[in-house]
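Next comes work38.cif, with mmCIF, C-alpha atoms.
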```
data_final
#
loop_
_atom_site.label_atom_id
_atom_site.label_comp_id
_atom_site.auth_asym_id
_atom_site.auth_seq_id
_atom_site.Cartn_x
_atom_site.Cartn_y
_atom_site.Cartn_z
CA MET A 26 42.34 -3.30 19.90
CA SER A 27 40.74 -6.72 20.17
CA THR A 28 40.31 -8.37 23.55
CA LEU A 29 42.78 -11.02 22.52
CA GLU A 30 45.41 -8.44 21.65
CA SER A 31 44.77 -6.63 24.91
CA ILE A 32 45.24 -9.84 26.91
CA PHE A 33 48.39 -10.57 24.94
CA TRP A 34 49.97 -7.22 25.79
CA HIS A 35 48.91 -7.41 29.43
CA VAL A 36 50.49 -10.84 29.84
CA LEU A 37 53.64 -9.65 28.09
CA GLY A 38 53.71 -6.38 30.03
CA TYR A 39 53.27 -7.99 33.42
CA SER A 40 55.93 -10.60 32.67
CA ALA A 41 58.31 -7.84 31.60
CA MET A 42 58.25 -6.32 35.10
CA PRO A 43 59.92 -9.18 37.01
CA VAL A 44 62.30 -9.58 34.07
CA ILE A 45 63.35 -5.93 34.48
CA PHE A 46 63.94 -6.42 38.21
CA ILE A 47 65.84 -9.69 37.77
CA VAL A 48 68.00 -8.35 34.96
CA GLY A 49 68.74 -5.32 37.15
CA PHE A 50 69.63 -7.56 40.05
CA ILE A 51 71.92 -9.75 37.93
CA GLY A 52 73.51 -6.68 36.38
CA VAL A 53 74.24 -5.08 39.75
CA ALA A 54 75.45 -8.41 41.15
CA ALA A 55 77.79 -8.92 38.20
CA GLY A 56 79.10 -5.37 38.48
CA SER A 57 79.64 -5.72 42.21
CA LEU A 58 81.43 -9.03 41.83
CA TRP A 59 83.67 -7.53 39.21
CA ILE A 60 84.56 -4.63 41.49
CA LEU A 61 85.17 -7.05 44.36
CA SER A 62 87.37 -9.18 42.13
CA LEU A 63 89.66 -6.20 41.57
CA GLY A 64 90.62 -6.27 45.25
CA VAL A 65 91.11 -10.01 45.49
CA ASP A 66 94.33 -11.31 47.04
CA ARG A 67 95.98 -12.85 44.00
CA ASP A 68 98.61 -14.80 45.90
CA ARG A 69 96.06 -16.78 47.87
CA MET B 14 61.89 -23.32 64.28
CA LYS B 15 65.43 -24.55 64.54
CA LEU B 16 66.03 -23.77 60.91
CA VAL B 17 64.77 -20.21 61.39
CA LYS B 18 67.12 -19.80 64.32
CA ILE B 19 70.12 -21.03 62.38
CA PHE B 20 69.13 -18.83 59.50
CA TRP B 21 68.89 -15.80 61.75
CA GLN B 22 72.25 -16.53 63.34
CA ARG B 23 73.77 -16.60 59.90
CA LEU B 24 72.20 -13.29 58.96
CA SER B 25 73.20 -11.61 62.19
CA ARG B 26 76.85 -12.61 62.09
CA PRO B 27 78.37 -12.16 58.66
CA SER B 28 81.95 -11.09 58.21
CA LYS B 29 81.83 -7.42 59.15
CA ALA B 30 84.02 -5.82 56.52
CA ALA B 31 82.80 -7.83 53.56
CA SER B 32 79.12 -7.32 54.31
CA GLY B 33 79.61 -3.59 54.60
CA VAL B 34 81.25 -3.45 51.19
CA LEU B 35 78.63 -5.73 49.67
CA LEU B 36 75.69 -3.79 51.05
CA GLY B 37 77.27 -0.58 49.85
CA LEU B 38 77.79 -1.98 46.36
CA GLY B 39 74.24 -3.28 46.26
CA PHE B 40 72.88 0.07 47.41
CA VAL B 41 74.86 2.16 44.95
CA GLY B 42 74.29 -0.38 42.17
CA GLY B 43 70.56 -0.33 42.88
CA ILE B 44 70.41 3.45 42.63
CA LEU B 45 72.44 3.45 39.42
CA PHE B 46 70.25 0.76 37.86
CA TRP B 47 66.99 2.45 38.77
CA GLY B 48 68.31 5.83 37.67
CA ALA B 49 69.37 4.44 34.31
CA PHE B 50 66.04 2.66 33.92
CA ASN B 51 64.05 5.80 34.65
CA THR B 52 66.22 7.88 32.34
CA GLY B 53 65.44 5.38 29.61
CA MET B 54 61.72 5.59 30.35
CA GLU B 55 61.87 9.39 30.26
CA ALA B 56 63.94 9.52 27.08
CA THR B 57 61.39 7.35 25.27
CA ASN B 58 58.63 9.70 26.37
CA THR B 59 59.95 12.83 24.73
CA GLU B 60 58.52 14.42 21.63
CA ALA B 61 61.93 14.25 19.97
CA PHE B 62 61.83 10.48 20.34
CA CYS B 63 58.31 10.08 18.90
CA SER B 64 59.11 12.47 16.09
CA SER B 65 61.88 10.21 14.83
CA CYS B 66 59.10 8.03 13.43
CA HIS B 67 56.02 10.26 13.50
CA ALA B 68 57.34 13.39 11.81
CA PRO B 69 54.12 14.21 9.87
CA ILE B 70 52.13 14.20 13.11
CA VAL B 71 54.60 16.36 14.97
CA ALA B 72 54.34 18.92 12.18
CA GLU B 73 50.55 19.01 12.47
CA ILE B 74 50.40 19.43 16.19
CA ARG B 75 52.01 22.84 16.07
CA GLU B 76 48.75 24.39 14.94
CA THR B 77 46.66 22.95 17.75
CA ILE B 78 45.66 24.20 21.18
CA HIS B 79 47.83 21.63 22.91
CA TYR B 80 50.98 23.04 21.34
CA SER B 81 50.51 26.73 21.79
CA ASN B 82 47.88 28.52 23.85
CA ARG B 83 47.40 31.54 26.06
CA SER B 84 48.39 29.62 29.22
CA GLY B 85 51.64 28.28 27.86
CA VAL B 86 50.91 24.77 29.13
CA ARG B 87 51.74 22.02 26.68
CA ALA B 88 50.58 18.48 26.19
CA ILE B 89 53.22 16.37 24.46
CA CYS B 90 52.70 13.04 22.72
CA SER B 91 53.25 10.93 25.82
CA ASP B 92 50.84 13.00 27.93
CA CYS B 93 48.01 11.71 25.75
CA HIS B 94 49.35 8.40 24.51
CA VAL B 95 51.41 6.89 27.33
CA PRO B 96 49.65 6.11 30.63
CA HIS B 97 51.15 7.68 33.74
CA GLU B 98 50.45 4.78 36.09
CA TRP B 99 53.65 2.71 36.35
CA THR B 100 52.26 -0.71 35.46
CA ASP B 101 50.14 0.63 32.60
CA LYS B 102 53.14 2.58 31.36
CA ILE B 103 55.32 -0.55 31.24
CA ILE B 104 52.58 -2.40 29.38
CA ARG B 105 52.34 0.41 26.83
CA LYS B 106 56.12 0.45 26.42
CA VAL B 107 56.19 -3.28 25.86
CA GLN B 108 53.34 -2.87 23.40
CA ALA B 109 55.52 -0.39 21.52
CA SER B 110 57.60 -3.36 20.38
CA LYS B 111 54.80 -3.76 17.85
CA GLU B 112 55.55 -0.26 16.58
CA LEU B 113 59.18 -1.28 16.11
CA VAL B 114 58.10 -4.21 13.97
CA ALA B 115 55.67 -2.00 12.04
CA TYR B 116 58.46 0.51 11.54
CA ALA B 117 60.74 -2.19 10.14
CA LEU B 118 57.91 -3.26 7.83
CA GLY B 119 57.31 0.37 6.91
CA THR B 120 53.54 0.29 7.47
CA ILE B 121 53.48 4.09 7.72
CA GLY B 122 56.86 4.63 6.09
CA THR B 123 55.63 7.11 3.51
CA LEU B 124 53.03 9.87 3.69
CA GLU B 125 50.71 7.96 1.35
CA LYS B 126 50.91 4.81 3.43
CA PHE B 127 50.33 6.83 6.59
CA HIS B 128 47.21 8.49 5.21
CA ALA B 129 45.88 5.14 4.07
CA ARG B 130 46.42 3.58 7.49
CA ARG B 131 45.50 6.60 9.55
CA GLY B 132 41.82 5.77 9.99
CA TYR B 133 42.68 2.36 11.35
CA LEU B 134 45.23 3.74 13.82
CA ALA B 135 42.97 6.57 14.96
CA ASN B 136 40.23 4.06 15.55
CA ARG B 137 42.49 2.01 17.79
CA GLU B 138 43.32 5.10 19.79
CA TRP B 139 39.66 6.09 20.15
CA GLN B 140 38.82 2.60 21.31
CA ARG B 141 41.58 2.68 23.88
CA MET B 142 40.43 6.02 25.27
CA LYS B 143 36.80 4.96 25.25
CA ALA B 144 37.75 1.92 27.28
CA ASN B 145 39.71 3.87 29.88
CA ASP B 146 37.26 6.79 29.98
CA SER B 147 39.82 9.16 28.41
CA ARG B 148 42.10 8.71 31.38
CA GLU B 149 44.99 10.54 29.71
CA CYS B 150 42.85 13.65 29.05
CA ARG B 151 41.71 13.58 32.65
CA ASN B 152 45.28 13.74 33.91
CA CYS B 153 45.06 17.41 32.96
CA HIS B 154 41.35 18.14 32.46
CA ASP B 155 39.42 17.26 35.59
CA PHE B 156 35.65 17.34 35.19
CA ASP B 157 35.22 18.14 38.89
CA PHE B 158 37.01 21.43 38.41
CA MET B 159 35.31 22.56 35.23
CA ASP B 160 33.72 25.92 35.87
CA PHE B 161 30.57 25.98 33.76
CA SER B 162 30.22 29.74 34.25
CA GLU B 163 33.52 30.12 32.40
CA GLN B 164 32.73 27.76 29.52
CA GLY B 165 30.90 28.61 26.33
CA ARG B 166 27.22 27.72 26.02
CA ARG B 167 27.86 24.90 23.59
CA SER B 168 30.40 23.43 25.97
CA VAL B 169 28.16 23.59 29.04
CA ALA B 170 25.23 22.09 27.15
CA GLN B 171 27.30 18.98 26.42
CA HIS B 172 29.50 18.77 29.49
CA SER B 173 26.72 19.17 32.05
CA THR B 174 24.70 16.41 30.40
CA ALA B 175 26.39 13.66 28.40
CA LEU B 176 29.78 14.06 30.07
CA ALA B 177 28.48 14.50 33.63
CA SER B 178 26.31 11.41 33.38
CA GLY B 179 29.22 9.35 32.10
CA GLU B 180 27.27 8.50 28.96
CA LYS B 181 30.05 9.90 26.76
CA THR B 182 33.75 10.37 27.30
CA CYS B 183 36.03 13.13 26.00
CA VAL B 184 37.09 11.44 22.75
CA ASP B 185 33.52 10.58 21.82
CA CYS B 186 33.05 14.28 21.10
CA HIS B 187 36.56 15.68 20.88
CA LYS B 188 37.96 13.76 17.97
CA GLY B 189 40.92 15.21 16.17
CA ILE B 190 41.77 17.44 19.11
CA ALA B 191 45.49 17.15 18.47
CA HIS B 192 45.71 15.79 14.94
CA ARG B 193 44.12 16.19 11.58
CA LEU B 194 41.24 13.77 11.30
CA PRO B 195 41.47 10.69 9.13
CA ASP B 196 38.80 9.82 6.60
CA MET B 197 35.69 9.91 8.77
CA ARG B 198 33.18 8.26 6.44
CA ASP B 199 32.78 5.09 8.48
CA VAL B 200 32.86 6.67 11.92
CA GLU B 201 29.65 6.31 13.88
CA GLY B 202 27.70 9.53 14.44
CA TRP B 203 29.76 11.54 11.97
CA GLN B 204 28.25 13.49 9.09
#
```
Will you turn the file into structure tokens for me?
Amino acid sequence: MSTLESIFWHVLGYSAMPVIFIVGFIGVAAGSLWILSLGVDRDR
Amino acid sequence: MKLVKIFWQRLSRPSKAASGVLLGLGFVGGILFWGAFNTGMEATNTEAFCSSCHAPIVAEIRETIHYSNRSGVRAICSDCHVPHEWTDKIIRKVQASKELVAYALGTIGTLEKFHARRGYLANREWQRMKANDSRECRNCHDFDFMDFSEQGRRSVAQHSTALASGEKTCVDCHKGIAHRLPDMRDVEGWQ
């Protein structure tokens, strides 16, 4: 693998990590909000 | 300072019921997410997964020492090809997106194409292992625990010299340890 390709994959790999965490966070947040919305007082 | 105080007062006095539910959801959701993520990482490390695209290689490996041996310990594809360290593993998995593209293009779609491209791919793998001092081999084979009195003479002659000094790494000498070799004509030091 050329140095350039190696750098390319390292940049992409390291940027994937925060993306994984953020997507996880958004996913859990969305799921939680949906569950919370089930119990909402609809007459309010 | 004042801001910090206000901030802390906020944090310390949320609505009791709601925060309990929220924290619980976050906790359970976090576990579920991480569990699913890890399951995905594991599933893409199995031999069954690799074999969906690398069938010819999986067939070959059955005749080698890393498939069947007197100790019954196996090395599977990911033991040698996917780093164990978390960050390196993620990088390798992201890099596998290239394999997806290559698969779509069919670079090794047929046996003929695979044999034609094999030398190139093997070379990339040797380079990678040269660069990381055969780290994946060393996950299982630790030089520090090699008992030279148990090894054959040919082994000791090489291991106690070129390997011990760090001049050579495992794949410099042990090429084709798990696969049939590609065309070796252009490989340095090969006759």
Excluding same-chain residues fewer than 5 positions from Phe50 (chain A), what lies within 10 Å of it counting only C-alpha atoms, as a VMD selection string? (chain A and resid 44 to 45 55 to 56) or (chain B and resid 39 42 to 43 46)
Return the neighbours of chain A among the residues of chain B, cut-off 12 Å, counting all atoms listed in the file, as a VMD selection string. chain B and resid 31 to 32 34 to 51 99 to 111 133 to 144
Using Å and a single decimal, report how far CA of His67 (chain B) sits from CA of Thr120 (chain B). 11.9 Å
Please, what distance in Å, to one decimal, runs between CA of Asp199 (chain B) and CA of Lys181 (chain B)?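 CA of Lys181 (chain B) lies 19.1 Å from CA of Asp199 (chain B).
Look at Leu176 (chain B): the protein and nucleic acid residues within 12 Å of it, using only C-alpha atoms and passing over chain neighbours fewer than 4 places away, are Asp146, Ser147, Asp155, Phe156, Asp157, Met159, Ser168, Val169, Ala170, Gln171, His172, Glu180, Lys181, Thr182, Cys183, Val184, Asp185, Cys186 and His187 of chain B.
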